[in-house]
Structures are given as C-alpha cells and as structure tokens.
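**Q** Next up, target29.cif (mmCIF, C-alpha atoms and all ligand atoms).
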```cif
data_run
loop_
_atom_site.label_atom_id
_atom_site.label_comp_id
_atom_site.auth_asym_id
_atom_site.auth_seq_id
_atom_site.Cartn_x
_atom_site.Cartn_y
_atom_site.Cartn_z
CA MET A 405 1.81 27.77 -6.71
CA ALA A 406 2.67 29.77 -3.61
CA LYS A 407 1.21 27.10 -1.34
CA GLY A 408 3.83 24.55 -2.44
CA LYS A 409 6.66 27.03 -2.00
CA ARG A 410 5.50 27.85 1.49
CA THR A 411 5.41 24.18 2.43
CA SER A 412 8.99 23.64 1.29
CA ALA A 413 10.14 26.74 3.20
CA LEU A 414 8.52 25.39 6.34
CA ARG A 415 10.22 22.04 5.83
CA LYS A 416 13.57 23.77 5.75
CA THR A 417 12.99 25.60 9.01
CA SER A 418 11.73 22.75 11.15
CA ALA A 419 12.72 19.14 11.58
CA LYS A 420 9.14 18.46 12.64
CA ALA A 421 7.57 19.77 9.43
CA GLY A 422 4.84 17.57 8.02
CA THR A 423 3.41 17.40 4.56
CA ARG A 424 0.60 19.90 5.18
CA PRO A 425 1.18 23.65 5.09
CA GLY A 426 1.13 24.91 8.64
CA ALA A 427 2.19 21.58 10.14
CA ALA A 428 5.55 23.04 11.20
CA LEU A 429 3.82 26.02 12.77
CA ALA A 430 1.35 23.82 14.65
CA ALA A 431 4.22 21.64 15.92
CA LEU A 432 6.16 24.71 17.01
CA ILE A 433 3.20 26.17 18.91
CA ASP A 434 2.74 22.79 20.57
CA ASP A 435 6.40 22.78 21.65
CA LEU A 436 6.08 26.35 22.90
CA VAL A 437 3.07 25.48 25.07
CA ILE A 438 4.76 22.33 26.41
CA GLY A 439 7.98 24.32 26.92
CA ASN A 440 6.05 26.76 29.15
CA ARG A 441 4.61 23.90 31.17
CA ILE A 442 7.98 22.12 31.51
CA LEU A 443 9.78 25.26 32.68
CA TYR A 444 7.14 25.73 35.35
CA ASP A 445 7.11 22.08 36.40
CA GLN A 446 10.93 22.05 36.67
CA ASN A 447 10.87 25.20 38.85
CA ILE A 448 12.76 27.30 36.30
CA VAL A 449 9.93 29.85 36.10
CA ASP A 450 7.19 30.64 38.61
CA GLY A 451 4.41 33.10 37.84
CA TYR A 452 7.01 35.12 35.93
CA GLY A 453 9.41 34.32 33.12
CA HIS A 454 8.72 33.48 29.48
CA ILE A 455 9.77 31.47 26.44
CA SER A 456 9.49 32.44 22.78
CA ALA A 457 10.24 30.95 19.36
CA ARG A 458 11.09 32.60 16.05
CA ASP A 459 8.19 32.37 13.59
CA PRO A 460 8.99 29.84 10.82
CA ARG A 461 6.83 31.87 8.39
CA ASP A 462 8.74 35.12 8.89
CA GLN A 463 12.18 35.48 10.46
CA ALA A 464 11.26 39.02 11.59
CA HIS A 465 8.46 37.70 13.79
CA PHE A 466 8.43 35.62 16.94
CA LEU A 467 5.80 33.71 18.90
CA MET A 468 5.16 34.12 22.61
CA SER A 469 2.29 33.87 25.05
CA ARG A 470 0.20 36.83 26.10
CA ALA A 471 1.09 38.01 29.62
CA ARG A 472 0.19 34.92 31.60
CA ALA A 473 1.80 32.56 34.14
CA PRO A 474 3.78 29.95 32.13
CA GLY A 475 2.12 27.05 33.96
CA LEU A 476 -1.25 28.07 32.51
CA VAL A 477 -0.29 28.86 28.89
CA THR A 478 -2.32 27.21 26.10
CA GLY A 479 -2.11 27.40 22.31
CA ALA A 480 -4.79 30.12 22.25
CA ASP A 481 -2.49 32.40 24.30
CA ILE A 482 0.30 32.43 21.69
CA MET A 483 0.63 35.78 19.91
CA VAL A 484 2.89 37.00 17.08
CA PHE A 485 5.35 39.83 17.78
CA GLY A 486 7.61 41.90 15.55
CA LEU A 487 11.26 42.75 16.17
CA ASP A 488 10.11 46.07 17.67
CA GLY A 489 8.66 43.96 20.50
CA GLU A 490 5.08 44.89 19.69
CA PRO A 491 2.24 42.50 18.74
CA ILE A 492 1.64 42.21 14.98
CA LYS A 493 -2.07 42.27 15.69
CA ASP A 494 -2.87 44.23 18.83
CA ASP A 495 -6.07 42.64 20.09
CA GLY A 496 -5.95 44.32 23.47
CA ARG A 497 -4.59 41.33 25.35
CA PRO A 498 -1.90 42.15 27.94
CA VAL A 499 1.68 41.44 26.87
CA TYR A 500 4.88 40.77 28.87
CA SER A 501 6.71 43.97 29.81
CA GLU A 502 10.07 42.26 29.20
CA ARG A 503 9.25 41.17 25.63
CA PHE A 504 12.15 43.36 24.43
CA ILE A 505 14.59 40.75 25.75
CA HIS A 506 13.27 38.48 23.01
CA SER A 507 12.86 41.01 20.19
CA GLU A 508 16.34 42.46 20.54
CA ILE A 509 18.05 39.06 20.75
CA TYR A 510 16.24 37.85 17.60
CA LYS A 511 17.30 41.08 15.92
CA ALA A 512 20.97 40.61 16.90
CA ARG A 513 21.27 36.82 16.44
CA SER A 514 19.99 35.16 13.25
CA ASP A 515 21.10 31.76 14.62
CA VAL A 516 18.76 32.00 17.62
CA HIS A 517 15.31 30.43 17.24
CA SER A 518 14.20 30.32 20.85
CA VAL A 519 14.74 32.47 23.96
CA VAL A 520 13.97 31.75 27.63
CA HIS A 521 13.99 34.44 30.31
CA SER A 522 13.72 33.21 33.88
CA HIS A 523 14.53 34.12 37.45
CA SER A 524 15.66 30.55 38.28
CA PRO A 525 16.83 30.96 41.87
CA THR A 526 20.23 29.26 42.14
CA VAL A 527 21.60 31.29 39.22
CA ILE A 528 20.90 34.71 40.76
CA PRO A 529 23.71 34.63 43.39
CA PHE A 530 26.23 34.34 40.53
CA SER A 531 24.87 37.62 39.12
CA VAL A 532 25.53 39.62 42.30
CA THR A 533 28.90 38.21 43.40
CA GLN A 534 32.31 38.00 41.77
CA VAL A 535 31.98 34.20 41.44
CA PRO A 536 31.71 33.35 37.73
CA LEU A 537 29.14 30.76 36.64
CA LYS A 538 31.45 28.19 35.08
CA PRO A 539 30.57 24.86 33.42
CA ILE A 540 30.38 21.55 35.26
CA ARG A 541 27.44 19.92 33.40
CA ALA A 542 26.55 22.70 30.97
CA PRO A 543 28.77 22.56 27.86
CA PHE A 544 26.85 25.47 26.31
CA PHE A 545 28.36 27.85 28.92
CA TYR A 546 31.30 28.30 26.54
CA PRO A 547 32.69 30.74 25.45
CA GLU A 548 31.44 32.43 28.65
CA VAL A 549 28.44 33.46 30.75
CA PRO A 550 28.50 37.28 30.85
CA VAL A 551 26.62 39.40 33.41
CA PHE A 552 24.38 42.22 32.23
CA GLU A 553 24.55 45.27 34.51
CA ILE A 554 21.39 47.25 33.81
CA ARG A 555 22.81 50.33 35.58
CA ASP A 556 25.38 50.67 32.81
CA ALA A 557 22.63 50.75 30.20
CA GLY A 558 19.80 52.55 31.98
CA GLY A 559 20.98 54.09 35.26
CA TRP A 560 18.43 53.60 38.03
CA THR A 561 15.68 51.28 36.81
CA ASN A 562 13.22 48.81 38.33
CA LEU A 563 15.53 46.12 36.82
CA LEU A 564 12.99 45.17 34.13
CA VAL A 565 14.20 45.06 30.53
CA SER A 566 11.12 46.98 29.46
CA ASP A 567 12.16 48.83 26.31
CA SER A 568 14.14 48.29 23.10
CA ALA A 569 17.22 50.19 24.29
CA LEU A 570 17.60 48.00 27.39
CA GLY A 571 16.91 44.89 25.31
CA ALA A 572 19.59 45.90 22.78
CA ALA A 573 22.11 46.47 25.58
CA LEU A 574 21.33 43.01 26.97
CA ALA A 575 21.69 41.44 23.51
CA GLN A 576 25.06 43.16 23.18
CA THR A 577 26.21 41.72 26.53
CA LEU A 578 24.99 38.26 25.50
CA GLY A 579 27.10 38.50 22.34
CA GLN A 580 27.59 35.09 20.73
CA ASN A 581 27.10 33.22 24.02
CA SER A 582 24.15 30.99 24.94
CA VAL A 583 23.52 32.30 28.46
CA ALA A 584 23.72 35.72 30.10
CA LEU A 585 22.92 36.66 33.69
CA LEU A 586 20.94 39.79 34.56
CA ARG A 587 22.40 41.27 37.74
CA GLY A 588 20.10 40.72 40.73
CA HIS A 589 17.30 39.60 38.44
CA GLY A 590 17.67 36.37 36.48
CA ASN A 591 19.06 34.99 33.25
CA VAL A 592 18.45 34.64 29.56
CA VAL A 593 19.14 31.45 27.60
CA VAL A 594 19.08 31.09 23.82
CA GLY A 595 19.23 28.17 21.41
CA PRO A 596 18.50 26.84 17.94
CA THR A 597 15.16 25.21 18.89
CA VAL A 598 12.57 25.37 21.68
CA ARG A 599 13.61 21.94 22.94
CA VAL A 600 17.33 22.72 23.11
CA THR A 601 16.64 26.06 24.81
CA VAL A 602 14.39 24.45 27.44
CA TYR A 603 17.14 21.87 28.11
CA ARG A 604 19.69 24.68 28.44
CA ALA A 605 17.49 26.67 30.85
CA ILE A 606 17.06 23.60 33.08
CA TYR A 607 20.76 22.71 32.98
CA THR A 608 21.77 26.31 33.69
CA GLU A 609 19.91 26.07 36.99
CA ALA A 610 21.29 22.55 37.64
CA ASN A 611 24.87 23.66 36.92
CA ALA A 612 24.53 26.62 39.29
CA ARG A 613 23.39 24.26 42.05
CA LEU A 614 26.28 21.85 41.42
CA LEU A 615 28.80 24.67 41.44
CA LEU A 616 27.43 26.00 44.71
CA GLU A 617 27.73 22.51 46.23
CA ALA A 618 31.24 21.99 44.86
CA LYS A 619 32.31 25.28 46.40
CA MET A 620 30.89 24.18 49.76
CA LEU A 621 33.16 21.12 49.67
CA GLY A 622 36.12 23.49 49.26
CA GLY A 623 39.38 23.33 47.34
CA PRO A 624 40.05 23.84 43.66
CA ILE A 625 37.29 22.83 41.21
CA THR A 626 37.94 20.99 37.96
CA TYR A 627 35.62 22.56 35.42
CA LEU A 628 34.49 21.12 32.12
CA ALA A 629 37.24 21.81 29.58
CA PRO A 630 36.35 23.62 26.34
CA GLU A 631 37.47 20.52 24.43
CA GLU A 632 35.12 18.30 26.46
CA ALA A 633 32.30 20.83 26.09
CA ALA A 634 32.67 20.84 22.30
CA LEU A 635 32.51 17.03 22.18
CA MET A 636 29.44 17.00 24.46
CA GLU A 637 27.67 19.61 22.33
CA ALA A 638 28.44 17.64 19.14
CA ASN A 639 27.06 14.48 20.72
CA LEU A 640 23.87 16.22 21.89
CA ALA A 641 23.35 17.82 18.48
CA LYS A 642 23.05 14.44 16.72
CA PRO A 643 19.37 13.75 16.00
CA ARG A 644 19.01 10.36 17.68
CA PRO A 645 15.61 9.30 18.97
CA GLY A 646 15.89 8.09 22.56
CA HIS A 647 19.10 10.03 23.19
CA GLY A 648 20.13 13.57 24.07
CA HIS A 649 17.48 16.28 24.06
CA ASP A 650 14.86 13.90 22.71
CA ARG A 651 15.03 11.76 25.84
CA THR A 652 14.85 14.58 28.35
CA TRP A 653 12.08 16.42 26.47
CA GLU A 654 9.89 13.30 26.46
CA MET A 655 10.42 12.82 30.20
CA TRP A 656 9.91 16.47 31.18
CA LYS A 657 6.79 16.69 29.03
CA ALA A 658 5.25 13.57 30.57
CA GLU A 659 6.04 14.79 34.09
CA ALA A 660 4.65 18.28 33.49
CA LEU A 661 1.40 17.00 31.97
CA ALA A 662 0.93 14.30 34.63
CA ARG A 663 1.43 16.72 37.51
CA ALA A 664 -0.76 19.39 35.90
CA GLY A 665 -3.47 16.75 35.41
CA LYS A 666 -3.36 15.83 39.09
CA GLY A 667 -4.01 19.44 39.99
CA ARG A 668 -0.70 19.79 41.82
CA ARG A 669 -0.07 22.98 39.96
ZN ZN A 701 12.56 39.21 34.49
#
```
Is it possible to express this structure as structure tokens?
**A**
Amino acid sequence: MAKGKRTSALRKTSAKAGTRPGAALAALIDDLVIGNRILYDQNIVDGYGHISARDPRDQAHFLMSRARAPGLVTGADIMVFGLDGEPIKDDGRPVYSERFIHSEIYKARSDVHSVVHSHSPTVIPFSVTQVPLKPIRAPFFYPEVPVFEIRDAGGWTNLLVSDSALGAALAQTLGQNSVALLRGHGNVVVGPTVRVTVYRAIYTEANARLLLEAKMLGGPITYLAPEEAALMEANLAKPRPGHGHDRTWEMWKAEALARAGKGRR
C-alpha cells in the first residue's frame, strides 16, 4: 500500500522519522520553527532573514515561513514552495521577496536540505573589503567563502535577490561551498539539515568576529588548515547524543524558548 511506501521514504530522508506517516514532516517543521527562533535569539537575524528546509515528501519543494519576522514564526506560518520560488498553494499570504535565494540553491544543489539567509552584522564588512573571510573556528568555510557581486548579475539593483535570475547567479557563485557573502548585504549558509545549517550560520558570525579581533591584535594569523577542518567536520558529523550539533542545538533551543517566554523578545 502507498502509505507504507511513503513511510519508508520518509525514514530514509530524516534521522528523526518516527513510525507514523508524517512524523518526519512534523519533526522537520518543528526544527524549522525552532531554527527561526534560535537565529533570532542568537542575533543572526533581526526582523529580516529567513531559513528553509527541503520538503521530505518532494525534493522539488521546500518549506519556509510566510513573510514574517523570524522571532515570531510558528508552525502555522510554514508554507510549501516550488523550485520556481512560488507557493504551491497561493493562499494570499505575503511571502519573502528573497525566496529565490532558496529556490535556486535547492535547484542547483541536491545535497542541500536547508538554507539560511541573514544579514548577520560582523560578516558584512568582509563582503565590502578585500579581506577574505577565512576559517578560525568554522571548518565548513572550506573550500572557500566566495562573494556574490549583484552588480555583475543585475546591474543597478536594490541589492535584494528578488527573482530567479539573481537567485541562479547567487547559486552559481556559491558553487559547492557552504557559505557565500552577498556584497554589502549579508550571507547565505547551506547544509544537510536544519540543525547543521543553524550551527553554521551562528559560527559564520562568530568566526567573523574572531577574525576581526585577531586582525586588531596584528601580525600574521594562523588559520585553520584544510586538514584540521576535514577532521573537525568528520567529528561533528558523527551522530552522538550530547556532542557536536546535538549539544549546541539543545542549548540554543532552551535559551531561545526561555527568553521568548520571559517576553524579552
Ligand atoms: Zn537579504
């Protein structure tokens, strides 16, 4: 029966899949909502910026909130989009103008299952100077962190990646890397899961801050070697409860929910 087949397909696409059909989807939507809240609580996004996840039911679809501040997103806000960047079911709700960042990256990269676009502040100076954003604590910066120059793709624009052509040009600049900077605007981070991508977005900002501070001390900087980065990535990729991404996700989630509950945000 089709129901059984669908369940096994969901199991394959998510480590969190349960025994019920739809359990993987429910878990993914939960992570997406928490991911929004964490990115806001960690000052990676403010009223702008967004996170999406590829739909486990259909690789040509992705899930993302309606146009709303990430700190306020709930499960009811999550909509399904196609790789043309348009909602599968247009119910009249407003959608993010930069949704084409997500659609074009999913189109270009079958390995990507989550995308974060933010304007996290310490990263932006590296997009407007000749100082490359190199890895100190972010092993996923290898092979490189390219800079997308929107003038090359669209001439004079308002800097927003607001159509498929601009999104495709950004996806081309990103290439096989995990992070790309958008000149004078922000950055895009991709990963295999929502949790890994949230971790990468937070550590992209943290690495930018560390690099800025290291440069203030002066003298040559010893960056993370590609060999060290590969070993760090392999270590983080091991599914070990209480270690790696699992530990940071649990902490960030608790902090975001506690602070939201106190009405700080
Ligand atoms: Zn933006």
**Q** Around ligand ZN 701 (chain A), which protein and nucleic acid residues have at least one atom no more than 10 Å from it, if we count all atoms listed in the file? List them as a VMD selection string.
**A** chain A and resid 449 452 to 454 500 to 503 505 521 to 524 563 to 566 586 588 to 592
**Q** Skip segment 475-483 of chain A itself and residues of its chain fewer than 6 positions away, then list as a list in words all residues within 9 Å of it, counting all atoms listed in the file.
**A**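 Using all atoms listed in the file, the neighbours found are Ile433, Asp434, Leu436, Val437, Ile438, Asn440, Arg441, Ile442, Leu443, Tyr444, Asp445, Val449, Asp450, Gly451, Phe466, Leu467, Met468, Ser469, Pro491, Ile492, Lys493, Ala664 and Arg669 of chain A.
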**Q** Could you write out the selected residues, including C-alpha atoms, as a compact mmCIF listing (two decimals), keeping the file's coordinate frame?
**A**
```txt
# COMPACT_ATOMS: atom_id res chain seq x y z
CA ILE A 433 3.20 26.17 18.91
CA ASP A 434 2.74 22.79 20.57
CA LEU A 436 6.08 26.35 22.90
CA VAL A 437 3.07 25.48 25.07
CA ILE A 438 4.76 22.33 26.41
CA ASN A 440 6.05 26.76 29.15
CA ARG A 441 4.61 23.90 31.17
CA ILE A 442 7.98 22.12 31.51
CA LEU A 443 9.78 25.26 32.68
CA TYR A 444 7.14 25.73 35.35
CA ASP A 445 7.11 22.08 36.40
CA VAL A 449 9.93 29.85 36.10
CA ASP A 450 7.19 30.64 38.61
CA GLY A 451 4.41 33.10 37.84
CA PHE A 466 8.43 35.62 16.94
CA LEU A 467 5.80 33.71 18.90
CA MET A 468 5.16 34.12 22.61
CA SER A 469 2.29 33.87 25.05
CA PRO A 491 2.24 42.50 18.74
CA ILE A 492 1.64 42.21 14.98
CA LYS A 493 -2.07 42.27 15.69
CA ALA A 664 -0.76 19.39 35.90
CA ARG A 669 -0.07 22.98 39.96
```
**Q** Would you work out the distance separating atom CA of Pro529 of chain A from atom CA of Gly439 of chain A, expressed in Å to one decimal?
**A**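 Computed distance, atom CA of Pro529 of chain A to atom CA of Gly439 of chain A, equals 25.0 Å.
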**Q** Provide the atom CA of Pro498 of chain A to atom CA of Val484 of chain A distance in Å, to one decimal place.
**A**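 Calculated distance between atom CA of Pro498 of chain A and atom CA of Val484 of chain A is 12.9 Å.
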**Q** Counting all atoms listed in the file, which of A:Arg555, A:Arg458, A:Arg472, A:Arg613 gets nearest to Arg541 of chain A?
**A** A:Arg613
**Q** Tell me which protein, DNA and RNA residues are within 9 Å of Asn639 of chain A, counting all atoms listed in the file, leaving out same-chain ones fewer than 4 positions away, and put them as a ChimeraX atom specification.
**A** /A:634-635,648
**Q** Quick check, in Å to one decimal: how far apart do atom CA of Ile554 of chain A and atom CA of Tyr603 of chain A lie?
**A**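 Between atom CA of Ile554 of chain A and atom CA of Tyr603 of chain A the gap works out to 26.4 Å.
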**Q** Which residue is closest to Asp435 of chain A? Choose from A:Pro550, A:Ala584, A:Ser518, A:Thr608 and count only C-alpha atoms.
**A** A:Ser518
**Q** Compile the contact shell of Val549 of chain A as a PDB file with C-alpha atoms, in the frame of the given file: residues with an atom at most 7 Å away, counting only C-alpha atoms, same-chain residues fewer than 5 positions apart removed.
**A**
```
ATOM      1  CA  LEU A 537      29.140  30.760  36.640  1.00  0.00           C
ATOM      2  CA  ASN A 581      27.100  33.220  24.020  1.00  0.00           C
ATOM      3  CA  VAL A 583      23.520  32.300  28.460  1.00  0.00           C
ATOM      4  CA  ALA A 584      23.720  35.720  30.100  1.00  0.00           C
TER       5      ALA A 584
END
```
**Q** Given the choices A:Glu490, A:Glu654, A:Glu637, A:Glu617, which gets closest to Arg604 of chain A if the distance is worked out from all atoms listed in the file?
**A** A:Glu637
**Q** Given the choices A:Pro643, A:Met636, A:Arg470, A:Ser507, which gets closest to Ser568 of chain A if the distance is worked out from all atoms listed in the file?
**A**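 Distance minimum relative to Ser568 of chain A lands on A:Ser507.
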**Q** Might you pull out every residue within 9 Å of Glu553 of chain A, with only C-alpha atoms counted and same-chain residues fewer than 6 positions away left off, and present them as a PDB file with C-alpha atoms, keeping the file's coordinate frame?
**A**
```pdb
ATOM      1  CA  SER A 531      24.870  37.620  39.120  1.00  0.00           C
ATOM      2  CA  LEU A 574      21.330  43.010  26.970  1.00  0.00           C
ATOM      3  CA  THR A 577      26.210  41.720  26.530  1.00  0.00           C
ATOM      4  CA  LEU A 585      22.920  36.660  33.690  1.00  0.00           C
ATOM      5  CA  LEU A 586      20.940  39.790  34.560  1.00  0.00           C
ATOM      6  CA  ARG A 587      22.400  41.270  37.740  1.00  0.00           C
ATOM      7  CA  GLY A 588      20.100  40.720  40.730  1.00  0.00           C
TER       8      GLY A 588
END
```
**Q** Residues near Tyr546 of chain A, anyone? I mean within 8 Å using only C-alpha atoms, not counting same-chain ones fewer than 3 positions away, as a VMD selection string.
**A** chain A and resid 539 543 549 581 to 582 630 633
**Q** List every protein, DNA or RNA residue with an atom no more than 6 Å from (30.7, 25.6, 32.2) in the file's coordinates, counting all atoms listed in the file, and format the result as a PyMOL selection string.
**A** chain A and resi 538-540+542-543+545+628
**Q** Which residue is closest to Val527 of chain A? Choose from A:Ala431, A:Val593, A:Leu487, A:Ala658 and count all atoms listed in the file.
**A**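 Selected residue with least distance to Val527 of chain A: A:Val593.
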**Q** For Glu659 of chain A, which residue among A:Ala430, A:Gln446, A:Ala512, A:Ala473 is the nearest when counting only C-alpha atoms?
**A** A:Gln446
